$ cat structure.cif   # mmCIF, C-alpha atoms
data_my_file
#
loop_
_atom_site.label_atom_id
_atom_site.label_comp_id
_atom_site.auth_asym_id
_atom_site.auth_seq_id
_atom_site.Cartn_x
_atom_site.Cartn_y
_atom_site.Cartn_z
CA MET E 172 86.47 55.03 -25.43
CA ASN E 173 82.69 54.63 -25.18
CA GLN E 174 81.40 51.09 -25.48
CA VAL E 175 79.38 50.53 -28.64
CA SER E 176 75.81 49.41 -27.96
CA ILE E 177 72.30 49.27 -29.41
CA PRO E 178 69.05 50.68 -27.96
CA LYS E 179 67.46 48.70 -25.14
CA GLY E 180 64.89 46.21 -26.36
CA THR E 181 66.40 45.87 -29.85
CA ARG E 182 68.68 43.18 -31.30
CA ASP E 183 71.17 42.40 -34.03
CA PHE E 184 70.44 39.20 -35.94
CA SER E 185 73.34 36.98 -37.04
CA PRO E 186 73.20 35.12 -40.38
CA GLU E 187 72.27 31.94 -38.47
CA THR E 188 69.42 33.72 -36.68
CA VAL E 189 68.14 35.37 -39.87
CA ARG E 190 67.98 32.00 -41.62
CA LYS E 191 65.93 30.56 -38.77
CA ARG E 192 63.63 33.58 -38.73
CA ASN E 193 63.20 33.36 -42.51
CA TYR E 194 62.30 29.69 -42.13
CA ILE E 195 59.43 30.67 -39.83
CA ILE E 196 58.37 33.63 -42.01
CA ASN E 197 58.39 31.57 -45.21
CA THR E 198 56.29 28.85 -43.55
CA ILE E 199 53.72 31.44 -42.44
CA ARG E 200 53.76 33.27 -45.80
CA GLN E 201 53.23 30.01 -47.70
CA GLN E 202 50.08 29.26 -45.69
CA PHE E 203 48.76 32.82 -46.11
CA GLU E 204 49.23 32.60 -49.88
CA LEU E 205 47.68 29.13 -49.98
CA CYS E 206 44.52 30.56 -48.41
CA GLY E 207 44.22 33.47 -50.84
CA PHE E 208 45.65 36.32 -48.76
CA GLN E 209 47.47 39.14 -50.58
CA PRO E 210 50.68 40.83 -49.38
CA LEU E 211 50.60 44.43 -48.11
CA GLU E 212 53.12 46.83 -46.55
CA THR E 213 52.52 50.15 -44.77
CA PRO E 214 54.98 52.84 -43.56
CA ALA E 215 56.97 52.45 -40.34
CA MET E 216 55.56 55.82 -39.23
CA GLU E 217 51.93 56.89 -39.08
CA ASN E 218 50.42 60.26 -38.25
CA ILE E 219 50.04 60.30 -34.48
CA GLU E 220 46.27 60.87 -34.62
CA THR E 221 45.95 57.65 -36.66
CA LEU E 222 47.31 55.60 -33.76
CA THR E 223 46.38 57.35 -30.51
CA GLY E 224 43.18 56.35 -28.76
CA LYS E 225 43.00 52.98 -30.56
CA TYR E 226 44.85 50.80 -28.03
CA GLY E 227 43.63 52.14 -24.69
CA ASP E 228 45.56 54.33 -22.27
CA GLU E 229 48.34 51.77 -21.85
CA GLY E 230 48.86 51.54 -25.59
CA ASP E 231 49.14 55.31 -25.88
CA LYS E 232 51.79 55.30 -23.13
CA LEU E 233 53.83 52.59 -24.87
CA MET E 234 53.82 54.31 -28.28
CA PHE E 235 57.14 55.61 -29.64
CA LYS E 236 56.64 59.22 -30.74
CA VAL E 237 58.85 60.66 -33.46
CA LEU E 238 60.18 64.18 -32.88
CA ASN E 239 59.34 66.75 -35.52
CA ASN E 240 62.08 68.30 -37.60
CA GLY E 241 62.87 72.00 -37.40
CA GLU E 242 62.55 74.50 -34.59
CA ILE E 243 60.42 72.37 -32.27
CA PHE E 244 61.42 74.16 -29.06
CA GLU E 245 60.42 77.57 -30.38
CA LYS E 246 57.10 76.16 -31.57
CA ALA E 247 56.57 74.43 -28.22
CA GLN E 248 57.16 77.67 -26.33
CA ALA E 249 54.62 79.44 -28.55
CA ALA E 250 51.93 76.78 -27.88
CA THR E 251 48.92 77.91 -25.83
CA THR E 252 47.08 74.55 -25.51
CA ASN E 253 48.14 70.97 -24.79
CA LYS E 254 47.18 69.91 -28.29
CA GLU E 255 49.33 72.66 -29.82
CA LEU E 256 52.21 71.63 -27.55
CA ILE E 257 51.99 67.96 -28.56
CA ASN E 258 51.73 68.84 -32.26
CA ALA E 259 54.74 71.17 -31.96
CA VAL E 260 56.90 68.36 -30.59
CA SER E 261 55.59 65.29 -32.43
CA GLU E 262 53.11 64.68 -35.24
CA LYS E 263 54.16 61.09 -36.06
CA ALA E 264 54.66 57.81 -34.22
CA LEU E 265 56.15 54.40 -35.02
CA ARG E 266 53.39 51.90 -35.71
CA TYR E 267 52.26 50.02 -32.59
CA ASP E 268 50.72 47.12 -34.51
CA LEU E 269 49.71 46.28 -38.09
CA THR E 270 45.92 46.28 -37.65
CA ILE E 271 45.24 50.01 -37.25
CA PRO E 272 47.51 50.93 -40.21
CA PHE E 273 45.66 48.26 -42.20
CA ALA E 274 42.28 49.81 -41.28
CA ARG E 275 43.65 53.20 -42.34
CA TYR E 276 44.82 51.70 -45.65
CA VAL E 277 41.40 50.15 -46.32
CA ALA E 278 39.64 53.46 -45.64
CA MET E 279 42.03 55.37 -47.91
CA ASN E 280 41.77 52.83 -50.76
CA ARG E 281 38.10 51.86 -50.52
CA GLY E 282 37.51 52.65 -54.19
CA THR E 283 40.08 50.17 -55.50
CA ILE E 284 39.66 47.28 -53.03
CA THR E 285 37.52 44.21 -53.80
CA PHE E 286 35.66 43.09 -50.67
CA PRO E 287 36.01 40.80 -48.82
CA PHE E 288 39.65 41.93 -48.80
CA LYS E 289 42.13 39.34 -47.52
CA ARG E 290 45.61 40.66 -46.79
CA TYR E 291 48.71 39.52 -44.97
CA GLN E 292 51.48 41.75 -43.68
CA ILE E 293 54.90 40.85 -42.25
CA GLN E 294 56.68 43.91 -40.85
CA PRO E 295 58.25 45.25 -37.63
CA VAL E 296 56.32 47.20 -34.98
CA TRP E 297 57.55 49.16 -31.96
CA ARG E 298 56.38 49.40 -28.33
CA ALA E 299 58.10 51.11 -25.40
CA ASP E 300 57.50 48.03 -23.25
CA ARG E 301 59.78 46.65 -20.54
CA PRO E 302 62.10 44.19 -22.31
CA GLN E 303 61.97 40.60 -21.01
CA LYS E 304 62.12 37.06 -22.37
CA GLY E 305 60.11 36.93 -25.59
CA ARG E 306 59.19 40.63 -25.35
CA PHE E 307 61.12 43.36 -27.17
CA ARG E 308 60.65 47.00 -28.09
CA GLU E 309 61.17 46.28 -31.79
CA PHE E 310 59.63 43.08 -33.06
CA TYR E 311 57.96 41.58 -36.11
CA GLN E 312 54.30 40.76 -36.51
CA CYS E 313 52.95 38.43 -39.17
CA ASP E 314 49.27 39.32 -39.64
CA ALA E 315 46.41 38.05 -41.75
CA ASP E 316 43.07 39.89 -41.87
CA VAL E 317 39.77 39.69 -43.73
CA VAL E 318 37.63 42.84 -43.95
CA GLY E 319 34.23 43.33 -45.49
CA SER E 320 32.66 40.08 -44.27
CA ASN E 321 30.63 39.20 -41.15
CA SER E 322 30.85 35.46 -41.75
CA LEU E 323 32.29 33.32 -38.97
CA LEU E 324 33.81 31.12 -41.67
CA ASN E 325 36.63 33.66 -41.60
CA GLU E 326 37.34 32.86 -37.93
CA VAL E 327 37.34 29.16 -38.78
CA GLU E 328 39.79 29.71 -41.65
CA LEU E 329 42.13 31.77 -39.49
CA LEU E 330 42.11 29.09 -36.80
CA ASN E 331 42.90 26.58 -39.54
CA ILE E 332 45.86 28.73 -40.67
CA TYR E 333 47.21 28.71 -37.12
CA ALA E 334 46.84 24.93 -36.91
CA GLU E 335 48.53 24.29 -40.27
CA VAL E 336 51.45 26.68 -39.69
CA PHE E 337 52.32 25.28 -36.28
CA LYS E 338 51.92 21.73 -37.57
CA ALA E 339 54.44 22.56 -40.33
CA LEU E 340 56.83 24.11 -37.79
CA GLY E 341 56.48 21.12 -35.44
CA VAL E 342 55.18 23.25 -32.54
CA GLU E 343 52.39 21.70 -30.47
CA VAL E 344 49.88 24.41 -29.60
CA GLU E 345 46.56 25.01 -27.93
CA LEU E 346 44.15 27.36 -29.69
CA ARG E 347 42.16 29.32 -27.10
CA ILE E 348 39.04 31.29 -27.96
CA ASN E 349 36.57 33.53 -26.19
CA ASN E 350 34.15 36.26 -27.25
CA ARG E 351 34.21 39.94 -26.32
CA LYS E 352 30.40 39.90 -26.43
CA ILE E 353 30.52 37.53 -23.46
CA LEU E 354 32.86 39.91 -21.65
CA ALA E 355 30.46 42.76 -22.51
CA GLY E 356 27.72 40.59 -21.00
CA LEU E 357 29.87 40.13 -17.90
CA ALA E 358 30.17 43.91 -17.55
CA GLU E 359 26.40 44.23 -17.97
CA TRP E 360 25.81 41.47 -15.37
CA MET E 361 28.07 43.42 -13.00
CA GLY E 362 26.14 46.63 -13.68
CA ILE E 363 29.11 48.42 -15.26
CA ALA E 364 28.50 48.11 -19.01
CA GLU E 365 30.21 51.46 -19.58
CA ARG E 366 33.45 50.19 -17.99
CA LEU E 367 34.08 47.23 -20.32
CA THR E 368 37.55 48.50 -21.28
CA ASP E 369 38.66 48.81 -17.64
CA LEU E 370 37.34 45.30 -17.02
CA THR E 371 39.06 43.65 -19.99
CA ILE E 372 42.39 45.39 -19.28
CA GLY E 373 42.25 43.97 -15.76
CA ILE E 374 41.34 40.44 -16.89
CA ASP E 375 44.00 40.54 -19.61
CA LYS E 376 46.69 40.71 -16.91
CA LEU E 377 45.63 37.39 -15.35
CA ASP E 378 48.54 35.39 -16.82
CA LYS E 379 51.04 37.96 -15.54
CA ILE E 380 49.75 38.76 -12.04
CA GLY E 381 47.38 35.90 -11.17
CA LEU E 382 43.80 36.03 -9.90
CA ASP E 383 44.70 37.81 -6.66
CA GLY E 384 46.62 40.40 -8.64
CA VAL E 385 43.63 40.98 -10.93
CA LYS E 386 41.32 41.39 -7.91
CA THR E 387 43.75 43.92 -6.40
CA GLU E 388 43.97 45.76 -9.72
CA LEU E 389 40.18 45.95 -10.03
CA ALA E 390 39.84 47.17 -6.45
CA LYS E 391 42.33 49.96 -7.19
CA ASN E 392 40.14 50.92 -10.14
CA ASN E 393 37.10 51.34 -7.87
CA PHE E 394 35.32 48.05 -8.64
CA THR E 395 33.09 47.04 -5.71
CA GLU E 396 33.57 43.87 -3.70
CA ASN E 397 30.40 42.38 -5.21
CA GLN E 398 31.59 43.17 -8.74
CA ILE E 399 34.99 41.60 -8.05
CA GLU E 400 33.29 38.46 -6.71
CA LYS E 401 31.34 38.15 -9.96
CA VAL E 402 34.57 38.51 -11.98
CA GLU E 403 36.21 35.84 -9.82
CA SER E 404 33.35 33.37 -10.32
CA PHE E 405 33.43 34.02 -14.07
CA LEU E 406 37.20 33.49 -14.32
CA GLN E 407 36.96 30.19 -12.44
CA ILE E 408 34.66 28.58 -15.01
CA ASN E 409 36.45 25.49 -16.34
CA GLY E 410 35.96 22.03 -17.81
CA ASP E 411 35.60 20.91 -21.42
CA ASN E 412 34.03 23.16 -24.06
CA ALA E 413 30.53 21.74 -23.57
CA SER E 414 30.72 22.31 -19.78
CA ILE E 415 31.92 25.87 -20.25
CA ILE E 416 29.14 26.65 -22.76
CA SER E 417 26.59 25.24 -20.31
CA ALA E 418 27.96 27.34 -17.42
CA LEU E 419 27.93 30.50 -19.53
CA LYS E 420 24.32 29.90 -20.57
CA ASN E 421 23.33 29.53 -16.93
CA ILE E 422 24.97 32.85 -15.98
CA PHE E 423 23.77 34.91 -18.92
CA VAL E 424 20.15 33.75 -19.21
CA ASP E 425 18.76 37.25 -19.76
CA ILE E 426 21.76 39.09 -21.24
CA GLU E 427 21.32 39.19 -25.02
CA ILE E 428 24.82 40.33 -26.02
CA ALA E 429 26.39 37.48 -24.05
CA LYS E 430 23.94 34.97 -25.53
CA LYS E 431 24.96 36.14 -29.01
CA GLY E 432 28.61 35.63 -28.07
CA ILE E 433 27.90 32.10 -26.86
CA GLU E 434 26.10 31.29 -30.13
CA GLU E 435 29.13 32.51 -32.09
CA LEU E 436 31.46 30.29 -30.04
CA GLU E 437 29.22 27.30 -30.73
CA GLU E 438 29.17 28.02 -34.47
CA VAL E 439 32.96 28.36 -34.70
CA LEU E 440 33.48 25.12 -32.77
CA SER E 441 30.94 23.30 -34.93
CA LYS E 442 32.46 24.44 -38.23
CA SER E 443 36.01 23.89 -36.99
CA ALA E 444 35.13 20.24 -36.37
CA ILE E 445 34.79 19.81 -40.16
CA CYS E 446 38.44 20.90 -40.45
CA ASN E 447 39.39 18.37 -37.73
CA LEU E 448 40.36 21.26 -35.49
CA GLN E 449 37.91 21.00 -32.62
CA SER E 450 40.16 18.97 -30.34
CA ALA E 451 42.82 21.68 -30.58
CA ILE E 452 40.43 24.51 -29.65
CA THR E 453 39.66 25.36 -26.04
CA ILE E 454 37.19 27.96 -24.76
CA ASP E 455 39.02 30.14 -22.23
CA THR E 456 36.80 32.55 -20.30
CA THR E 457 39.91 34.30 -18.93
CA LEU E 458 40.97 35.36 -22.42
CA ALA E 459 40.29 39.09 -22.85
CA ARG E 460 42.78 40.60 -25.36
CA GLY E 461 43.33 44.06 -23.90
CA LEU E 462 43.09 46.02 -27.17
CA ASN E 463 39.99 48.19 -27.41
CA TYR E 464 38.95 47.39 -30.95
CA TYR E 465 37.96 43.71 -30.51
CA THR E 466 34.20 43.13 -30.54
CA GLY E 467 33.57 39.42 -31.21
CA ILE E 468 35.52 36.16 -31.28
CA ILE E 469 39.02 36.54 -29.79
CA ILE E 470 41.85 34.04 -30.26
CA GLU E 471 45.12 33.26 -28.51
CA VAL E 472 47.74 30.59 -29.23
CA LYS E 473 49.79 28.96 -26.48
CA ALA E 474 52.71 26.62 -27.14
CA LYS E 475 52.74 23.39 -25.17
CA ASN E 476 55.79 22.08 -23.28
CA VAL E 477 57.39 25.52 -22.76
CA GLN E 478 57.05 28.41 -20.31
CA MET E 479 56.04 31.15 -22.72
CA GLY E 480 53.17 33.58 -23.05
CA SER E 481 50.98 33.68 -26.13
CA ILE E 482 52.74 33.17 -29.49
CA GLY E 483 49.81 34.43 -31.53
CA GLY E 484 46.44 36.07 -31.18
CA GLY E 485 43.70 38.09 -32.81
CA GLY E 486 39.98 38.45 -33.17
CA ARG E 487 36.93 40.12 -34.70
CA TYR E 488 36.66 43.90 -34.87
CA ASP E 489 33.45 45.56 -36.06
CA ASP E 490 33.61 49.00 -37.66
CA LEU E 491 37.33 49.57 -37.02
CA THR E 492 37.51 51.42 -40.33
CA GLY E 493 34.67 53.67 -39.14
CA ILE E 494 37.19 55.75 -37.19
CA PHE E 495 38.73 56.61 -40.57
CA GLY E 496 35.44 57.49 -42.27
CA LEU E 497 34.49 54.06 -43.66
CA PRO E 498 31.67 52.75 -41.43
CA ASN E 499 30.04 49.31 -41.22
CA VAL E 500 33.02 47.28 -42.46
CA SER E 501 33.62 44.32 -40.16
CA GLY E 502 36.93 42.52 -40.04
CA VAL E 503 38.76 39.71 -38.31
CA GLY E 504 42.46 39.01 -38.09
CA ILE E 505 45.26 37.05 -36.44
CA SER E 506 48.90 37.75 -35.71
CA PHE E 507 51.89 35.43 -35.32
CA GLY E 508 54.46 36.48 -32.71
CA LEU E 509 57.60 35.76 -34.74
CA ASP E 510 60.08 36.41 -31.93
CA ARG E 511 58.25 34.24 -29.44
CA ILE E 512 57.83 31.44 -31.98
CA TYR E 513 61.59 31.63 -32.57
CA GLU E 514 62.27 31.34 -28.81
CA VAL E 515 59.95 28.31 -28.56
CA MET E 516 61.56 26.55 -31.54
CA GLU E 517 65.04 27.20 -30.17
CA GLU E 518 64.10 25.81 -26.76
CA LEU E 519 62.51 22.72 -28.29
CA LYS E 520 65.27 22.34 -30.92
CA LEU E 521 62.79 22.26 -33.81
CA PHE E 522 64.81 23.99 -36.54
CA PRO E 523 66.01 21.70 -39.38
CA ALA E 524 69.66 20.67 -39.04
CA ASP E 525 70.55 21.68 -42.61
CA LEU E 526 69.11 25.19 -42.34
CA GLN E 527 72.53 26.86 -42.19
CA ASN E 528 73.97 25.17 -45.28
CA SER E 529 73.73 28.17 -47.59
CA THR E 530 76.74 27.49 -49.85
CA GLN E 531 76.93 23.98 -51.27
CA VAL E 532 80.15 24.26 -53.27
CA LEU E 533 83.42 26.16 -52.75
CA PHE E 534 86.00 26.48 -55.53
CA ILE E 535 89.51 26.67 -54.08
CA ASN E 536 91.57 29.55 -55.48
CA PHE E 537 95.01 28.42 -56.84
CA GLY E 538 96.03 31.72 -58.44
CA ALA E 539 95.23 34.09 -61.33
CA GLU E 540 94.90 31.57 -64.18
CA ALA E 541 93.01 28.96 -62.15
CA GLU E 542 90.82 31.71 -60.75
CA LEU E 543 89.59 32.69 -64.24
CA PHE E 544 89.01 29.04 -65.13
CA SER E 545 87.06 28.43 -61.88
CA LEU E 546 85.09 31.65 -62.34
CA SER E 547 83.68 30.38 -65.63
CA LEU E 548 82.80 27.03 -64.08
CA LEU E 549 81.26 28.77 -61.05
CA GLN E 550 78.65 30.43 -63.28
CA LYS E 551 77.68 27.07 -64.80
CA VAL E 552 77.18 25.57 -61.34
CA ARG E 553 74.97 28.48 -60.27
CA GLN E 554 72.91 28.13 -63.44
CA GLN E 555 72.00 24.66 -62.14
CA ASN E 556 70.52 26.39 -59.06
CA ILE E 557 73.37 25.20 -56.87
CA SER E 558 74.70 27.79 -54.42
CA ALA E 559 78.44 28.16 -54.94
CA GLU E 560 81.31 30.56 -54.36
CA LEU E 561 84.94 31.00 -55.37
CA TYR E 562 87.39 31.88 -52.60
CA PRO E 563 88.38 35.48 -53.43
CA SER E 564 92.17 35.14 -53.16
CA ALA E 565 94.91 32.52 -53.48
CA GLU E 566 95.43 31.96 -49.75
CA LYS E 567 96.99 28.84 -48.28
CA ILE E 568 94.91 25.72 -48.99
CA LYS E 569 94.54 25.05 -45.26
CA LYS E 570 92.96 28.45 -44.69
CA GLN E 571 90.51 27.96 -47.56
CA MET E 572 89.57 24.49 -46.28
CA GLU E 573 89.00 25.90 -42.79
CA TYR E 574 86.69 28.50 -44.34
CA ALA E 575 84.66 25.69 -45.95
CA ASN E 576 84.45 23.80 -42.65
CA LYS E 577 83.35 26.84 -40.65
CA LYS E 578 80.63 27.65 -43.18
CA GLN E 579 79.57 23.97 -43.32
CA ILE E 580 80.09 23.86 -47.09
CA LYS E 581 79.62 20.28 -48.23
CA PHE E 582 81.74 20.18 -51.40
CA VAL E 583 85.11 21.69 -52.28
CA VAL E 584 86.38 21.71 -55.88
CA LEU E 585 90.15 21.89 -56.46
CA ILE E 586 91.32 23.09 -59.88
CA GLY E 587 95.05 23.65 -60.41
CA ASP E 588 97.30 23.61 -63.48
CA GLU E 589 97.00 19.86 -64.05
CA GLU E 590 93.24 19.87 -63.65
CA MET E 591 92.86 22.67 -66.19
CA LYS E 592 94.91 20.67 -68.71
CA THR E 593 93.05 17.38 -68.27
CA GLY E 594 89.57 18.77 -67.59
CA LYS E 595 89.39 16.48 -64.55
CA PHE E 596 88.71 18.11 -61.17
CA ALA E 597 89.11 16.90 -57.60
CA VAL E 598 85.78 17.14 -55.74
CA LYS E 599 85.96 16.59 -51.98
CA ASN E 600 82.97 15.86 -49.75
CA MET E 601 83.84 17.77 -46.57
CA LEU E 602 81.41 15.76 -44.47
CA SER E 603 82.57 12.25 -45.41
CA GLY E 604 86.15 13.11 -46.44
CA GLU E 605 85.62 11.21 -49.71
CA GLN E 606 87.35 12.71 -52.76
CA LYS E 607 86.59 11.99 -56.43
CA VAL E 608 88.17 13.00 -59.72
CA CYS E 609 85.44 14.13 -62.12
CA ASP E 610 84.96 15.86 -65.41
CA GLU E 611 82.59 18.80 -65.62
CA GLY E 612 79.42 16.71 -66.10
CA GLU E 613 80.34 14.25 -63.34
CA MET E 614 81.14 17.13 -60.99
CA MET E 615 77.66 18.56 -61.57
CA GLU E 616 76.09 15.21 -60.70
CA VAL E 617 78.15 14.87 -57.52
CA VAL E 618 77.35 18.33 -56.12
CA LYS E 619 73.66 17.88 -57.04
CA GLY E 620 73.65 14.62 -55.12
CA GLU E 621 72.63 12.59 -58.17
#

$ encode --input "structure.cif" --output "structure tokens"
Amino acid sequence: MNQVSIPKGTRDFSPETVRKRNYIINTIRQQFELCGFQPLETPAMENIETLTGKYGDEGDKLMFKVLNNGEIFEKAQAATTNKELINAVSEKALRYDLTIPFARYVAMNRGTITFPFKRYQIQPVWRADRPQKGRFREFYQCDADVVGSNSLLNEVELLNIYAEVFKALGVEVELRINNRKILAGLAEWMGIAERLTDLTIGIDKLDKIGLDGVKTELAKNNFTENQIEKVESFLQINGDNASIISALKNIFVDIEIAKKGIEELEEVLSKSAICNLQSAITIDTTLARGLNYYTGIIIEVKAKNVQMGSIGGGGRYDDLTGIFGLPNVSGVGISFGLDRIYEVMEELKLFPADLQNSTQVLFINFGAEAELFSLSLLQKVRQQNISAELYPSAEKIKKQMEYANKKQIKFVVLIGDEEMKTGKFAVKNMLSGEQKVCDEGEMMEVVKGE
């Protein structure tokens, strides 16, 4: 008999896990709504031309293609060009992130959207990545984006959302920022402005492979020794934010795009100070964000006290909708890495202890007549917004009590023949062992905790 399994890089989620994940999602959603963002959902699949070429060569390689229906092999054999061959086999792909589908949505619905358009989206995405701790092939992203506004107030607000969400979750974080304009200035300083993407992909691997690994990677990609030395000196800039700004100004004296990027960093830091966020924000010149579409401020969130990669990130993208026929619409967005946040909270034991207490009251089943009596009372308890259930069959009392203990149900109500006659019910607190005899009104007060 073949062993039952699931695809590599995917997971089942137990009820306990789902409750914890929902706790994180609801915390994030509450903050999104509080800041005026509207919910949006897009299909799991997009046309393949919508996604390809938007994430760099590595992104295209990691994209899950969906096979066409019908006689694909016959169509493939009849193809005379590579494009015809690809289209014969696959015309759709699972979404790689939520940002490109969002840009496609904005372009398609430009006539009905009020700009600036603030949306949030909480849905799964898929990447054919190598599974490892905190990295899966199917995972959720929780995104918030603003399109149709160039104001850096949006970056400040998104940083504030990060700070408030992680404060609510009890996770200590460091908010790291950089600017792709500065990285574009670095490429110009190196004399390779046209190779910005190759440069940022290399720098983006710094956390994974270290500085020596990045230098090796750049050398393999035909960067000269002098160019690699300039990258190394840039990546070794450190100190507090003021020191980093000063060092960047000294390097990029005559490079206008980098100077603009530095000005934007200064403005975001200045305005964030009003939100009491400045101490939590660190300029990180090594931050690159490998995705092609970022053009301005870029953001990454790191959790303190754990060995984990980024648990959130995002940035400014100018004219992303232009690839879908809607030019000159700037946007900025952030994403929460739900799965990584979950791993961090598990490691640090930050989930509330009472999170698993779904059912508050269990009615013990004593047989057909008592079952009907309890069923009527069950509805009244639920109408008081108290989660309750009736054991579905008249099993042994011990078995029903064990069920309550395993599910961590706090109260058990016992209604037999005598209780139905007198209208007095035994209510047992399964945590303390205390048992009371109550009428209907008193029972309601006990299970409510009043």

$ closest_atom_pairs --input "structure.cif" --of "range 402-432 of chain E" --to "range 338-360 of chain E" --cutoff "10 Å" --atoms "all atoms listed in the file" --output "tab-separated table"
residue	atom	partner	partner_atom	distance
E:Val402	CA	E:Leu357	CA	7.7
E:Phe405	CA	E:Leu357	CA	8.0
E:Leu419	CA	E:Ile353	CA	8.5
E:Ile422	CA	E:Trp360	CA	8.7
E:Phe423	CA	E:Gly356	CA	7.2
E:Asp425	CA	E:Trp360	CA	9.3
E:Ile426	CA	E:Gly356	CA	6.2
E:Glu427	CA	E:Gly356	CA	7.7
E:Ile428	CA	E:Lys352	CA	5.6
E:Ala429	CA	E:Ile353	CA	4.2
E:Lys430	CA	E:Ile353	CA	7.4
E:Lys431	CA	E:Lys352	CA	7.1
E:Gly432	CA	E:Lys352	CA	4.9

$ resolve_selection --input "structure.cif" --expression "the PyMOL selection byres ((chain E and resi 187) around 10)" --output "PyMOL selection string"
chain E and resi 184-186+188-192+526-529

$ residues_near_point --input "structure.cif" --point "(37.8, 29.3, -24.6)" --cutoff "10 Å" --atoms "all atoms listed in the file" --output "compact mmCIF listing (two decimals) with C-alpha atoms, in the frame of the given file"
# COMPACT_ATOMS: atom_id res chain seq x y z
CA LEU E 346 44.15 27.36 -29.69
CA ARG E 347 42.16 29.32 -27.10
CA ILE E 348 39.04 31.29 -27.96
CA ASN E 349 36.57 33.53 -26.19
CA ASN E 350 34.15 36.26 -27.25
CA ASN E 409 36.45 25.49 -16.34
CA ASP E 411 35.60 20.91 -21.42
CA ASN E 412 34.03 23.16 -24.06
CA ILE E 415 31.92 25.87 -20.25
CA ILE E 416 29.14 26.65 -22.76
CA LEU E 436 31.46 30.29 -30.04
CA ILE E 452 40.43 24.51 -29.65
CA THR E 453 39.66 25.36 -26.04
CA ILE E 454 37.19 27.96 -24.76
CA ASP E 455 39.02 30.14 -22.23
CA THR E 456 36.80 32.55 -20.30
CA THR E 457 39.91 34.30 -18.93
CA LEU E 458 40.97 35.36 -22.42
CA ILE E 468 35.52 36.16 -31.28
CA ILE E 469 39.02 36.54 -29.79
CA ILE E 470 41.85 34.04 -30.26
CA GLU E 471 45.12 33.26 -28.51

$ atom_distance --input "structure.cif" --atom1 "CA of Glu204 in chain E" --atom2 "CA of Arg308 in chain E"
28.5 Å

$ closest_residue --input "structure.cif" --among "E:Val237, E:Val385, E:Ala559, E:Cys313" --to "Gln201 in chain E" --atoms "all atoms listed in the file"
E:Cys313

$ closest_residue --input "structure.cif" --among "E:Ala524, E:Gly480, E:Phe288, E:Lys420" --to "Lys379 in chain E" --atoms "only C-alpha atoms"
E:Gly480

$ closest_residue --input "structure.cif" --among "E:Val617, E:Ser545, E:Glu573, E:Asp228" --to "Ile586 in chain E" --atoms "all atoms listed in the file"
E:Ser545

$ resolve_selection --input "structure.cif" --expression "the PyMOL selection byres ((chain E and resi 317) around 6)" --output "PyMOL selection string"
chain E and resi 288-289+316+318+502-503

$ decode --input "structure.cif" --residues "range 172-185 of chain E" --atoms "C-alpha atoms" --output "PDB file, in the first residue's frame"
ATOM      1  CA  MET E 172       0.000   0.000   0.000  1.00  0.00           C
ATOM      2  CA  ASN E 173       1.395   3.402  -0.992  1.00  0.00           C
ATOM      3  CA  GLN E 174       2.012   5.810   1.858  1.00  0.00           C
ATOM      4  CA  VAL E 175      -0.310   8.818   1.757  1.00  0.00           C
ATOM      5  CA  SER E 176       1.539  12.128   1.490  1.00  0.00           C
ATOM      6  CA  ILE E 177       1.204  15.757   0.411  1.00  0.00           C
ATOM      7  CA  PRO E 178       3.308  17.705  -2.128  1.00  0.00           C
ATOM      8  CA  LYS E 179       6.734  18.846  -0.954  1.00  0.00           C
ATOM      9  CA  GLY E 180       6.695  22.347   0.482  1.00  0.00           C
ATOM     10  CA  THR E 181       3.003  22.248   1.472  1.00  0.00           C
ATOM     11  CA  ARG E 182       1.364  21.586   4.844  1.00  0.00           C
ATOM     12  CA  ASP E 183      -1.823  20.521   6.570  1.00  0.00           C
ATOM     13  CA  PHE E 184      -2.950  22.845   9.357  1.00  0.00           C
ATOM     14  CA  SER E 185      -4.503  21.365  12.502  1.00  0.00           C
TER      15      SER E 185
END
